[in-house]
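Engineer: Sending over coords.cif (mmCIF, N, CA and C atoms).
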data_final
loop_
_atom_site.label_atom_id
_atom_site.label_comp_id
_atom_site.auth_asym_id
_atom_site.auth_seq_id
_atom_site.Cartn_x
_atom_site.Cartn_y
_atom_site.Cartn_z
N MET V 1 -16.90 -26.59 3.69
CA MET V 1 -17.03 -26.12 5.07
C MET V 1 -15.65 -25.72 5.62
N PRO V 2 -15.54 -24.53 6.18
CA PRO V 2 -14.27 -24.15 6.81
C PRO V 2 -13.89 -25.14 7.91
N ILE V 3 -12.62 -25.27 8.11
CA ILE V 3 -12.07 -26.25 9.04
C ILE V 3 -12.34 -25.80 10.48
N GLU V 4 -12.79 -26.74 11.29
CA GLU V 4 -13.07 -26.49 12.70
C GLU V 4 -12.34 -27.47 13.61
N SER V 5 -12.01 -28.66 13.11
CA SER V 5 -11.48 -29.69 14.00
C SER V 5 -10.04 -29.39 14.43
N ASP V 6 -9.75 -29.71 15.69
CA ASP V 6 -8.41 -29.50 16.21
C ASP V 6 -7.37 -30.27 15.41
N ALA V 7 -7.70 -31.48 15.00
CA ALA V 7 -6.74 -32.30 14.25
C ALA V 7 -6.36 -31.63 12.94
N GLU V 8 -7.33 -31.10 12.22
CA GLU V 8 -7.03 -30.43 10.95
C GLU V 8 -6.29 -29.12 11.17
N ILE V 9 -6.66 -28.36 12.19
CA ILE V 9 -5.96 -27.11 12.48
C ILE V 9 -4.52 -27.41 12.87
N GLU V 10 -4.32 -28.43 13.68
CA GLU V 10 -2.96 -28.80 14.08
C GLU V 10 -2.13 -29.20 12.86
N GLU V 11 -2.74 -29.92 11.93
CA GLU V 11 -2.03 -30.29 10.69
C GLU V 11 -1.64 -29.04 9.90
N ILE V 12 -2.56 -28.08 9.78
CA ILE V 12 -2.29 -26.84 9.07
C ILE V 12 -1.14 -26.08 9.73
N LEU V 13 -1.11 -26.09 11.05
CA LEU V 13 -0.04 -25.38 11.77
C LEU V 13 1.32 -26.01 11.54
N GLY V 14 1.36 -27.16 10.86
CA GLY V 14 2.62 -27.79 10.50
C GLY V 14 3.27 -27.18 9.27
N TYR V 15 2.54 -26.36 8.53
CA TYR V 15 3.14 -25.65 7.39
C TYR V 15 4.08 -24.57 7.91
N ASP V 16 5.06 -24.18 7.10
CA ASP V 16 6.11 -23.27 7.54
C ASP V 16 5.99 -21.83 7.03
N HIS V 17 5.51 -21.64 5.82
CA HIS V 17 5.59 -20.35 5.15
C HIS V 17 4.24 -19.63 5.20
N VAL V 18 4.20 -18.50 5.95
CA VAL V 18 2.95 -17.79 6.20
C VAL V 18 3.05 -16.37 5.65
N ALA V 19 2.25 -16.08 4.62
CA ALA V 19 2.14 -14.71 4.14
C ALA V 19 1.06 -14.02 4.96
N VAL V 20 1.40 -12.92 5.61
CA VAL V 20 0.46 -12.20 6.46
C VAL V 20 -0.01 -10.96 5.70
N VAL V 21 -1.23 -11.04 5.16
CA VAL V 21 -1.79 -9.93 4.40
C VAL V 21 -2.41 -8.94 5.38
N GLY V 22 -1.86 -7.73 5.38
CA GLY V 22 -2.27 -6.73 6.35
C GLY V 22 -1.34 -6.69 7.54
N CYS V 23 -0.17 -7.28 7.40
CA CYS V 23 0.84 -7.28 8.46
C CYS V 23 1.17 -5.83 8.81
N SER V 24 1.24 -5.55 10.11
CA SER V 24 1.50 -4.18 10.58
C SER V 24 2.92 -4.03 11.10
N SER V 25 3.46 -2.83 10.93
CA SER V 25 4.80 -2.53 11.48
C SER V 25 4.69 -1.92 12.88
N THR V 26 3.47 -1.82 13.41
CA THR V 26 3.23 -1.16 14.69
C THR V 26 3.08 -2.17 15.83
N PRO V 27 4.11 -2.27 16.71
CA PRO V 27 3.98 -3.16 17.87
C PRO V 27 2.74 -2.78 18.68
N GLY V 28 2.09 -3.81 19.22
CA GLY V 28 0.87 -3.60 19.99
C GLY V 28 -0.39 -3.87 19.19
N LYS V 29 -0.28 -3.80 17.87
CA LYS V 29 -1.42 -4.17 17.03
C LYS V 29 -1.39 -5.67 16.81
N ALA V 30 -2.56 -6.29 16.78
CA ALA V 30 -2.63 -7.74 16.56
C ALA V 30 -1.94 -8.12 15.25
N ALA V 31 -2.07 -7.28 14.21
CA ALA V 31 -1.47 -7.58 12.91
C ALA V 31 0.05 -7.48 12.92
N HIS V 32 0.61 -7.04 14.03
CA HIS V 32 2.07 -7.07 14.24
C HIS V 32 2.44 -8.16 15.24
N ASP V 33 1.72 -8.21 16.34
CA ASP V 33 2.09 -9.11 17.43
C ASP V 33 1.87 -10.59 17.08
N VAL V 34 0.81 -10.88 16.33
CA VAL V 34 0.57 -12.27 15.93
C VAL V 34 1.66 -12.78 14.99
N PRO V 35 2.01 -12.02 13.92
CA PRO V 35 3.11 -12.49 13.08
C PRO V 35 4.44 -12.56 13.84
N GLN V 36 4.66 -11.65 14.79
CA GLN V 36 5.87 -11.72 15.61
C GLN V 36 5.90 -13.02 16.40
N TYR V 37 4.76 -13.41 16.95
CA TYR V 37 4.65 -14.69 17.66
C TYR V 37 5.00 -15.85 16.72
N LEU V 38 4.48 -15.80 15.50
CA LEU V 38 4.78 -16.86 14.53
C LEU V 38 6.28 -16.91 14.24
N LEU V 39 6.90 -15.75 14.05
CA LEU V 39 8.36 -15.70 13.84
C LEU V 39 9.09 -16.32 15.02
N ASP V 40 8.65 -15.96 16.22
CA ASP V 40 9.30 -16.46 17.43
C ASP V 40 9.15 -17.97 17.58
N HIS V 41 8.18 -18.54 16.89
CA HIS V 41 7.95 -19.99 16.95
C HIS V 41 8.40 -20.71 15.68
N GLY V 42 9.30 -20.06 14.92
CA GLY V 42 9.97 -20.74 13.82
C GLY V 42 9.31 -20.67 12.46
N TYR V 43 8.24 -19.91 12.34
CA TYR V 43 7.59 -19.80 11.04
C TYR V 43 8.33 -18.79 10.16
N ASP V 44 8.28 -19.02 8.87
CA ASP V 44 8.78 -18.06 7.89
C ASP V 44 7.63 -17.11 7.58
N VAL V 45 7.68 -15.90 8.13
CA VAL V 45 6.61 -14.93 7.98
C VAL V 45 6.96 -13.97 6.85
N ILE V 46 6.04 -13.86 5.91
CA ILE V 46 6.21 -12.99 4.74
C ILE V 46 5.20 -11.85 4.87
N PRO V 47 5.67 -10.63 5.20
CA PRO V 47 4.74 -9.52 5.37
C PRO V 47 4.20 -9.00 4.04
N VAL V 48 2.89 -8.74 4.03
CA VAL V 48 2.23 -8.15 2.86
C VAL V 48 1.52 -6.89 3.35
N ASN V 49 2.06 -5.73 2.92
CA ASN V 49 1.51 -4.44 3.31
C ASN V 49 2.02 -3.41 2.31
N PRO V 50 1.13 -2.83 1.50
CA PRO V 50 1.57 -1.88 0.48
C PRO V 50 2.09 -0.56 1.04
N TYR V 51 1.90 -0.33 2.33
CA TYR V 51 2.33 0.94 2.93
C TYR V 51 3.63 0.82 3.70
N ALA V 52 4.24 -0.35 3.68
CA ALA V 52 5.52 -0.54 4.38
C ALA V 52 6.54 -1.11 3.41
N ASP V 53 7.79 -0.69 3.57
CA ASP V 53 8.87 -1.25 2.75
C ASP V 53 9.44 -2.50 3.40
N GLU V 54 9.44 -2.50 4.74
CA GLU V 54 10.07 -3.59 5.48
C GLU V 54 9.36 -3.76 6.82
N ILE V 55 9.13 -5.01 7.20
CA ILE V 55 8.58 -5.35 8.51
C ILE V 55 9.35 -6.58 9.00
N PHE V 56 9.76 -6.58 10.25
CA PHE V 56 10.55 -7.68 10.82
C PHE V 56 11.86 -7.89 10.05
N ASP V 57 12.45 -6.79 9.57
CA ASP V 57 13.69 -6.86 8.78
C ASP V 57 13.53 -7.68 7.52
N ARG V 58 12.32 -7.74 7.00
CA ARG V 58 12.04 -8.45 5.75
C ARG V 58 11.31 -7.52 4.81
N GLU V 59 11.51 -7.73 3.52
CA GLU V 59 10.77 -6.96 2.53
C GLU V 59 9.28 -7.17 2.73
N ALA V 60 8.53 -6.08 2.72
CA ALA V 60 7.07 -6.16 2.76
C ALA V 60 6.56 -6.03 1.33
N TYR V 61 5.80 -7.00 0.89
CA TYR V 61 5.26 -7.00 -0.46
C TYR V 61 3.98 -6.18 -0.52
N ASP V 62 3.71 -5.61 -1.70
CA ASP V 62 2.51 -4.79 -1.88
C ASP V 62 1.23 -5.62 -1.90
N SER V 63 1.31 -6.84 -2.41
CA SER V 63 0.14 -7.70 -2.49
C SER V 63 0.59 -9.16 -2.48
N LEU V 64 -0.34 -10.04 -2.25
CA LEU V 64 -0.03 -11.48 -2.27
C LEU V 64 0.49 -11.89 -3.64
N SER V 65 -0.04 -11.29 -4.68
CA SER V 65 0.40 -11.61 -6.04
C SER V 65 1.87 -11.25 -6.26
N ASP V 66 2.37 -10.28 -5.52
CA ASP V 66 3.76 -9.84 -5.69
C ASP V 66 4.78 -10.72 -4.96
N VAL V 67 4.31 -11.57 -4.05
CA VAL V 67 5.22 -12.40 -3.26
C VAL V 67 5.89 -13.42 -4.17
N ASP V 68 7.23 -13.41 -4.19
CA ASP V 68 7.96 -14.35 -5.03
C ASP V 68 8.58 -15.48 -4.22
N GLU V 69 8.14 -15.63 -2.98
CA GLU V 69 8.60 -16.70 -2.10
C GLU V 69 7.49 -17.73 -1.97
N GLN V 70 7.85 -18.91 -1.45
CA GLN V 70 6.85 -19.94 -1.22
C GLN V 70 5.87 -19.48 -0.15
N VAL V 71 4.58 -19.73 -0.39
CA VAL V 71 3.52 -19.42 0.57
C VAL V 71 2.68 -20.67 0.78
N ASP V 72 2.60 -21.12 2.04
CA ASP V 72 1.73 -22.25 2.38
C ASP V 72 0.39 -21.76 2.92
N ILE V 73 0.46 -20.79 3.84
CA ILE V 73 -0.73 -20.25 4.49
C ILE V 73 -0.81 -18.76 4.19
N VAL V 74 -1.99 -18.30 3.81
CA VAL V 74 -2.26 -16.88 3.69
C VAL V 74 -3.08 -16.50 4.92
N ASP V 75 -2.47 -15.72 5.82
CA ASP V 75 -3.12 -15.29 7.06
C ASP V 75 -3.63 -13.86 6.82
N VAL V 76 -4.94 -13.67 6.94
CA VAL V 76 -5.57 -12.41 6.53
C VAL V 76 -5.92 -11.54 7.73
N PHE V 77 -5.33 -10.35 7.75
CA PHE V 77 -5.63 -9.31 8.74
C PHE V 77 -6.24 -8.11 8.02
N ARG V 78 -7.19 -8.31 7.19
CA ARG V 78 -7.87 -7.24 6.45
C ARG V 78 -9.37 -7.39 6.69
N PRO V 79 -10.14 -6.32 6.47
CA PRO V 79 -11.58 -6.41 6.69
C PRO V 79 -12.24 -7.49 5.82
N SER V 80 -13.35 -8.01 6.32
CA SER V 80 -14.05 -9.09 5.63
C SER V 80 -14.34 -8.76 4.17
N GLU V 81 -14.66 -7.50 3.88
CA GLU V 81 -15.00 -7.13 2.50
C GLU V 81 -13.79 -7.21 1.55
N GLU V 82 -12.58 -7.34 2.08
CA GLU V 82 -11.40 -7.49 1.23
C GLU V 82 -10.98 -8.95 1.04
N VAL V 83 -11.64 -9.86 1.75
CA VAL V 83 -11.25 -11.27 1.69
C VAL V 83 -11.40 -11.85 0.29
N ALA V 84 -12.46 -11.49 -0.42
CA ALA V 84 -12.72 -12.07 -1.74
C ALA V 84 -11.54 -11.84 -2.69
N GLY V 85 -11.02 -10.62 -2.71
CA GLY V 85 -9.88 -10.32 -3.58
C GLY V 85 -8.62 -11.06 -3.17
N ILE V 86 -8.42 -11.21 -1.87
CA ILE V 86 -7.25 -11.94 -1.38
C ILE V 86 -7.37 -13.42 -1.74
N VAL V 87 -8.57 -13.96 -1.61
CA VAL V 87 -8.81 -15.36 -2.00
C VAL V 87 -8.53 -15.54 -3.50
N ASP V 88 -8.95 -14.58 -4.32
CA ASP V 88 -8.67 -14.67 -5.76
C ASP V 88 -7.16 -14.74 -6.01
N GLU V 89 -6.40 -13.92 -5.28
CA GLU V 89 -4.94 -13.94 -5.43
C GLU V 89 -4.37 -15.28 -4.96
N ALA V 90 -4.91 -15.81 -3.87
CA ALA V 90 -4.43 -17.10 -3.35
C ALA V 90 -4.71 -18.22 -4.34
N ILE V 91 -5.90 -18.21 -4.92
CA ILE V 91 -6.27 -19.25 -5.90
C ILE V 91 -5.36 -19.18 -7.12
N ALA V 92 -4.97 -17.98 -7.51
CA ALA V 92 -4.14 -17.80 -8.71
C ALA V 92 -2.72 -18.34 -8.52
N ARG V 93 -2.29 -18.52 -7.28
CA ARG V 93 -0.96 -19.05 -7.00
C ARG V 93 -1.02 -20.57 -7.02
N ASP V 94 0.12 -21.20 -7.23
CA ASP V 94 0.12 -22.67 -7.24
C ASP V 94 0.73 -23.27 -5.97
N ASP V 95 1.03 -22.41 -4.97
CA ASP V 95 1.67 -22.92 -3.77
C ASP V 95 0.80 -22.82 -2.51
N VAL V 96 -0.20 -21.99 -2.50
CA VAL V 96 -1.01 -21.77 -1.31
C VAL V 96 -1.84 -23.02 -1.00
N GLN V 97 -1.78 -23.43 0.26
CA GLN V 97 -2.56 -24.58 0.74
C GLN V 97 -3.76 -24.16 1.57
N VAL V 98 -3.63 -23.03 2.28
CA VAL V 98 -4.62 -22.63 3.28
C VAL V 98 -4.85 -21.12 3.22
N VAL V 99 -6.11 -20.72 3.32
CA VAL V 99 -6.47 -19.34 3.58
C VAL V 99 -7.02 -19.30 5.00
N TRP V 100 -6.41 -18.46 5.84
CA TRP V 100 -6.79 -18.35 7.25
C TRP V 100 -7.19 -16.92 7.51
N THR V 101 -8.42 -16.68 7.97
CA THR V 101 -8.82 -15.33 8.33
C THR V 101 -8.88 -15.21 9.85
N GLN V 102 -8.36 -14.10 10.34
CA GLN V 102 -8.24 -13.86 11.78
C GLN V 102 -9.61 -13.61 12.42
N LEU V 103 -9.62 -13.52 13.73
CA LEU V 103 -10.86 -13.32 14.49
C LEU V 103 -11.67 -12.15 13.94
N GLY V 104 -12.96 -12.39 13.77
CA GLY V 104 -13.86 -11.35 13.30
C GLY V 104 -13.86 -11.16 11.79
N ILE V 105 -13.08 -11.94 11.08
CA ILE V 105 -12.96 -11.79 9.62
C ILE V 105 -13.51 -13.05 8.95
N ARG V 106 -14.53 -12.86 8.10
CA ARG V 106 -15.06 -14.01 7.38
C ARG V 106 -15.79 -13.54 6.12
N ASP V 107 -15.75 -14.41 5.12
CA ASP V 107 -16.50 -14.22 3.88
C ASP V 107 -16.83 -15.63 3.39
N ASP V 108 -18.05 -16.06 3.65
CA ASP V 108 -18.43 -17.44 3.35
C ASP V 108 -18.39 -17.74 1.86
N ASP V 109 -18.76 -16.78 1.02
CA ASP V 109 -18.71 -17.01 -0.43
C ASP V 109 -17.27 -17.18 -0.90
N ALA V 110 -16.38 -16.32 -0.42
CA ALA V 110 -14.96 -16.43 -0.80
C ALA V 110 -14.38 -17.74 -0.27
N ALA V 111 -14.78 -18.13 0.94
CA ALA V 111 -14.30 -19.39 1.52
C ALA V 111 -14.73 -20.56 0.64
N GLN V 112 -15.96 -20.53 0.17
CA GLN V 112 -16.45 -21.61 -0.69
C GLN V 112 -15.66 -21.65 -2.01
N ARG V 113 -15.37 -20.48 -2.58
CA ARG V 113 -14.56 -20.43 -3.81
C ARG V 113 -13.18 -21.01 -3.57
N ALA V 114 -12.59 -20.68 -2.43
CA ALA V 114 -11.26 -21.21 -2.10
C ALA V 114 -11.31 -22.73 -1.97
N GLU V 115 -12.31 -23.22 -1.26
CA GLU V 115 -12.45 -24.67 -1.09
C GLU V 115 -12.70 -25.35 -2.43
N ASP V 116 -13.52 -24.75 -3.28
CA ASP V 116 -13.79 -25.31 -4.61
C ASP V 116 -12.51 -25.39 -5.45
N ALA V 117 -11.56 -24.49 -5.16
CA ALA V 117 -10.27 -24.48 -5.88
C ALA V 117 -9.25 -25.41 -5.23
N GLY V 118 -9.66 -26.11 -4.16
CA GLY V 118 -8.76 -27.08 -3.52
C GLY V 118 -8.00 -26.56 -2.32
N LEU V 119 -8.30 -25.34 -1.90
CA LEU V 119 -7.62 -24.79 -0.72
C LEU V 119 -8.40 -25.14 0.54
N ARG V 120 -7.69 -25.20 1.65
CA ARG V 120 -8.33 -25.38 2.94
C ARG V 120 -8.57 -23.99 3.52
N VAL V 121 -9.62 -23.86 4.30
CA VAL V 121 -10.00 -22.55 4.83
C VAL V 121 -10.26 -22.64 6.33
N VAL V 122 -9.66 -21.70 7.06
CA VAL V 122 -9.96 -21.49 8.48
C VAL V 122 -10.45 -20.05 8.58
N GLN V 123 -11.63 -19.86 9.15
CA GLN V 123 -12.20 -18.52 9.26
C GLN V 123 -12.43 -18.13 10.72
N ASP V 124 -12.25 -16.83 10.97
CA ASP V 124 -12.66 -16.24 12.24
C ASP V 124 -11.96 -16.91 13.43
N LYS V 125 -10.65 -17.21 13.26
CA LYS V 125 -9.86 -17.79 14.35
C LYS V 125 -8.48 -17.13 14.35
N CYS V 126 -7.93 -16.95 15.52
CA CYS V 126 -6.59 -16.38 15.63
C CYS V 126 -5.56 -17.51 15.54
N ILE V 127 -4.65 -17.39 14.60
CA ILE V 127 -3.63 -18.42 14.40
C ILE V 127 -2.71 -18.52 15.64
N LYS V 128 -2.47 -17.40 16.31
CA LYS V 128 -1.64 -17.42 17.53
C LYS V 128 -2.35 -18.19 18.64
N VAL V 129 -3.62 -17.93 18.83
CA VAL V 129 -4.39 -18.63 19.87
C VAL V 129 -4.43 -20.12 19.57
N GLU V 130 -4.69 -20.47 18.32
CA GLU V 130 -4.78 -21.89 17.96
C GLU V 130 -3.42 -22.57 18.11
N HIS V 131 -2.34 -21.89 17.74
CA HIS V 131 -1.01 -22.45 17.90
C HIS V 131 -0.71 -22.66 19.38
N GLY V 132 -0.98 -21.66 20.18
CA GLY V 132 -0.73 -21.76 21.61
C GLY V 132 -1.53 -22.88 22.26
N ARG V 133 -2.73 -23.08 21.78
CA ARG V 133 -3.60 -24.10 22.34
C ARG V 133 -3.20 -25.51 21.91
N LEU V 134 -2.75 -25.64 20.66
CA LEU V 134 -2.52 -26.98 20.09
C LEU V 134 -1.05 -27.37 19.95
N LYS V 135 -0.15 -26.41 19.87
CA LYS V 135 1.25 -26.74 19.54
C LYS V 135 2.25 -26.32 20.62
N ALA V 136 1.90 -25.33 21.42
CA ALA V 136 2.89 -24.80 22.37
C ALA V 136 3.04 -25.69 23.60
#
For this file, produce the structure as structure tokens.

Structural biologist:
Amino acid sequence: MPIESDAEIEEILGYDHVAVVGCSSTPGKAAHDVPQYLLDHGYDVIPVNPYADEIFDREAYDSLSDVDEQVDIVDVFRPSEEVAGIVDEAIARDDVQVVWTQLGIRDDDAAQRAEDAGLRVVQDKCIKVEHGRLKA
């Protein structure tokens, strides 16, 4: 079951390294403004976007599999139909603890696969809203 409790979400928000799959270089888009908020609150944000070379003065990776830095949370800003592939990439890594899909994004089958592989899953919630509500 995807995580719903405030206590578990607050614990997850204690992780530092967040790979943002679908991170945008365009201010005003949620996929830009949410990661910017995370940066502003001390998180190590790792942008993943195959169409950008750099976002937030950091290298943007083409895929989660290409990230050579530590990743605790995979924050997904891609359509629900792309979640399964991202979950497969997260499972293949040995550092990912959490797969988090943003508001309106969910794939229950992929979430179950992630949980079966030992990952925690938060679906259909904005990490910025949850952080602001529980940590700010």

Engineer: Counting all atoms listed in the file, which residues in segment 96-127 of chain V sit no more than 8 Å from segment 4-25 of chain V? For each one, give the nearest pair of atoms and the distance in Å, sorted by chain then residue number, as JSON lines.

Structural biologist:
{"residue": "V:Val98", "atom": "CA", "partner": "V:Ile12", "partner_atom": "CA", "distance": 7.5}
{"residue": "V:Val121", "atom": "C", "partner": "V:Glu4", "partner_atom": "N", "distance": 6.9}
{"residue": "V:Val122", "atom": "CA", "partner": "V:Glu4", "partner_atom": "N", "distance": 6.6}
{"residue": "V:Gln123", "atom": "N", "partner": "V:Glu4", "partner_atom": "N", "distance": 7.3}

Engineer: With the file shown as input, list the residues that the PyMOL selection byres (((chain V and resi 113 and name CA) around 12) and name CA) selects, as an MDAnalysis selection string.

Structural biologist: chainID V and resid 1:2 83:92 99 107:112 114:121

Engineer: What lies within 12 Å of Ala52 of chain V using only C-alpha atoms, ignoring chain neighbours under 3 positions off, as a PyMOL selection string?

Structural biologist: chain V and resi 21-26+47-49+55-63

Engineer: Mind pulling up the distance from atom CA of His41 of chain V to atom C of Gln102 of chain V?

Structural biologist: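 Separation of atom C of Gln102 of chain V and atom CA of His41 of chain V: 19.2 Å.
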
Engineer: What's the separation between atom CA of Ser80 of chain V and atom CA of Thr101 of chain V, in Å to one decimal place?

Structural biologist: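 Answer for the atom CA of Ser80 of chain V to atom CA of Thr101 of chain V separation: 8.6 Å.
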
Engineer: Just to confirm, what's the straight-line distance from atom CA of Val96 of chain V to atom CA of Phe77 of chain V in Å (one decimal)?

Structural biologist: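 Computing it gives 16.7 Å between the two atoms.
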
Engineer: Segment 19-88 of chain V: which residues are alpha helix (DSSP H) by DSSP, as a ChimeraX atom specification?

Structural biologist: /V:30-40,83-88

Engineer: May I ask which of the residues V:Ala30, V:Arg133, V:Arg93, V:Val76 is the closest one to Ile105 of chain V, counting all atoms listed in the file?

Structural biologist: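 The shortest atom-to-atom distance to Ile105 of chain V comes from V:Val76.
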
Engineer: Per DSSP on the backbone, what are the strand (DSSP E or B) residues of segment 30-114 of chain V, as an MDAnalysis selection string?

Structural biologist: chainID V and resid 44:48 54:55 58:59 61 73:76 98:101

Engineer: Would you write out those residues with N, CA and C atoms, as a PDB file, keeping the file's coordinate frame?

Structural biologist:
ATOM      1  N   ASP V  44       8.280 -19.020   8.870  1.00  0.00           N
ATOM      2  CA  ASP V  44       8.780 -18.060   7.890  1.00  0.00           C
ATOM      3  C   ASP V  44       7.630 -17.110   7.580  1.00  0.00           C
ATOM      4  N   VAL V  45       7.680 -15.900   8.130  1.00  0.00           N
ATOM      5  CA  VAL V  45       6.610 -14.930   7.980  1.00  0.00           C
ATOM      6  C   VAL V  45       6.960 -13.970   6.850  1.00  0.00           C
ATOM      7  N   ILE V  46       6.040 -13.860   5.910  1.00  0.00           N
ATOM      8  CA  ILE V  46       6.210 -12.990   4.740  1.00  0.00           C
ATOM      9  C   ILE V  46       5.200 -11.850   4.870  1.00  0.00           C
ATOM     10  N   PRO V  47       5.670 -10.630   5.200  1.00  0.00           N
ATOM     11  CA  PRO V  47       4.740  -9.520   5.370  1.00  0.00           C
ATOM     12  C   PRO V  47       4.200  -9.000   4.040  1.00  0.00           C
ATOM     13  N   VAL V  48       2.890  -8.740   4.030  1.00  0.00           N
ATOM     14  CA  VAL V  48       2.230  -8.150   2.860  1.00  0.00           C
ATOM     15  C   VAL V  48       1.520  -6.890   3.350  1.00  0.00           C
ATOM     16  N   GLU V  54       9.440  -2.500   4.740  1.00  0.00           N
ATOM     17  CA  GLU V  54      10.070  -3.590   5.480  1.00  0.00           C
ATOM     18  C   GLU V  54       9.360  -3.760   6.820  1.00  0.00           C
ATOM     19  N   ILE V  55       9.130  -5.010   7.200  1.00  0.00           N
ATOM     20  CA  ILE V  55       8.580  -5.350   8.510  1.00  0.00           C
ATOM     21  C   ILE V  55       9.350  -6.580   9.000  1.00  0.00           C
ATOM     22  N   ARG V  58      12.320  -7.740   7.000  1.00  0.00           N
ATOM     23  CA  ARG V  58      12.040  -8.450   5.750  1.00  0.00           C
ATOM     24  C   ARG V  58      11.310  -7.520   4.810  1.00  0.00           C
ATOM     25  N   GLU V  59      11.510  -7.730   3.520  1.00  0.00           N
ATOM     26  CA  GLU V  59      10.770  -6.960   2.530  1.00  0.00           C
ATOM     27  C   GLU V  59       9.280  -7.170   2.730  1.00  0.00           C
ATOM     28  N   TYR V  61       5.800  -7.000   0.890  1.00  0.00           N
ATOM     29  CA  TYR V  61       5.260  -7.000  -0.460  1.00  0.00           C
ATOM     30  C   TYR V  61       3.980  -6.180  -0.520  1.00  0.00           C
ATOM     31  N   ILE V  73       0.460 -20.790   3.840  1.00  0.00           N
ATOM     32  CA  ILE V  73      -0.730 -20.250   4.490  1.00  0.00           C
ATOM     33  C   ILE V  73      -0.810 -18.760   4.190  1.00  0.00           C
ATOM     34  N   VAL V  74      -1.990 -18.300   3.810  1.00  0.00           N
ATOM     35  CA  VAL V  74      -2.260 -16.880   3.690  1.00  0.00           C
ATOM     36  C   VAL V  74      -3.080 -16.500   4.920  1.00  0.00           C
ATOM     37  N   ASP V  75      -2.470 -15.720   5.820  1.00  0.00           N
ATOM     38  CA  ASP V  75      -3.120 -15.290   7.060  1.00  0.00           C
ATOM     39  C   ASP V  75      -3.630 -13.860   6.820  1.00  0.00           C
ATOM     40  N   VAL V  76      -4.940 -13.670   6.940  1.00  0.00           N
ATOM     41  CA  VAL V  76      -5.570 -12.410   6.530  1.00  0.00           C
ATOM     42  C   VAL V  76      -5.920 -11.540   7.730  1.00  0.00           C
ATOM     43  N   VAL V  98      -3.630 -23.030   2.280  1.00  0.00           N
ATOM     44  CA  VAL V  98      -4.620 -22.630   3.280  1.00  0.00           C
ATOM     45  C   VAL V  98      -4.850 -21.120   3.220  1.00  0.00           C
ATOM     46  N   VAL V  99      -6.110 -20.720   3.320  1.00  0.00           N
ATOM     47  CA  VAL V  99      -6.470 -19.340   3.580  1.00  0.00           C
ATOM     48  C   VAL V  99      -7.020 -19.300   5.000  1.00  0.00           C
ATOM     49  N   TRP V 100      -6.410 -18.460   5.840  1.00  0.00           N
ATOM     50  CA  TRP V 100      -6.790 -18.350   7.250  1.00  0.00           C
ATOM     51  C   TRP V 100      -7.190 -16.920   7.510  1.00  0.00           C
ATOM     52  N   THR V 101      -8.420 -16.680   7.970  1.00  0.00           N
ATOM     53  CA  THR V 101      -8.820 -15.330   8.330  1.00  0.00           C
ATOM     54  C   THR V 101      -8.880 -15.210   9.850  1.00  0.00           C
TER      55      THR V 101
END
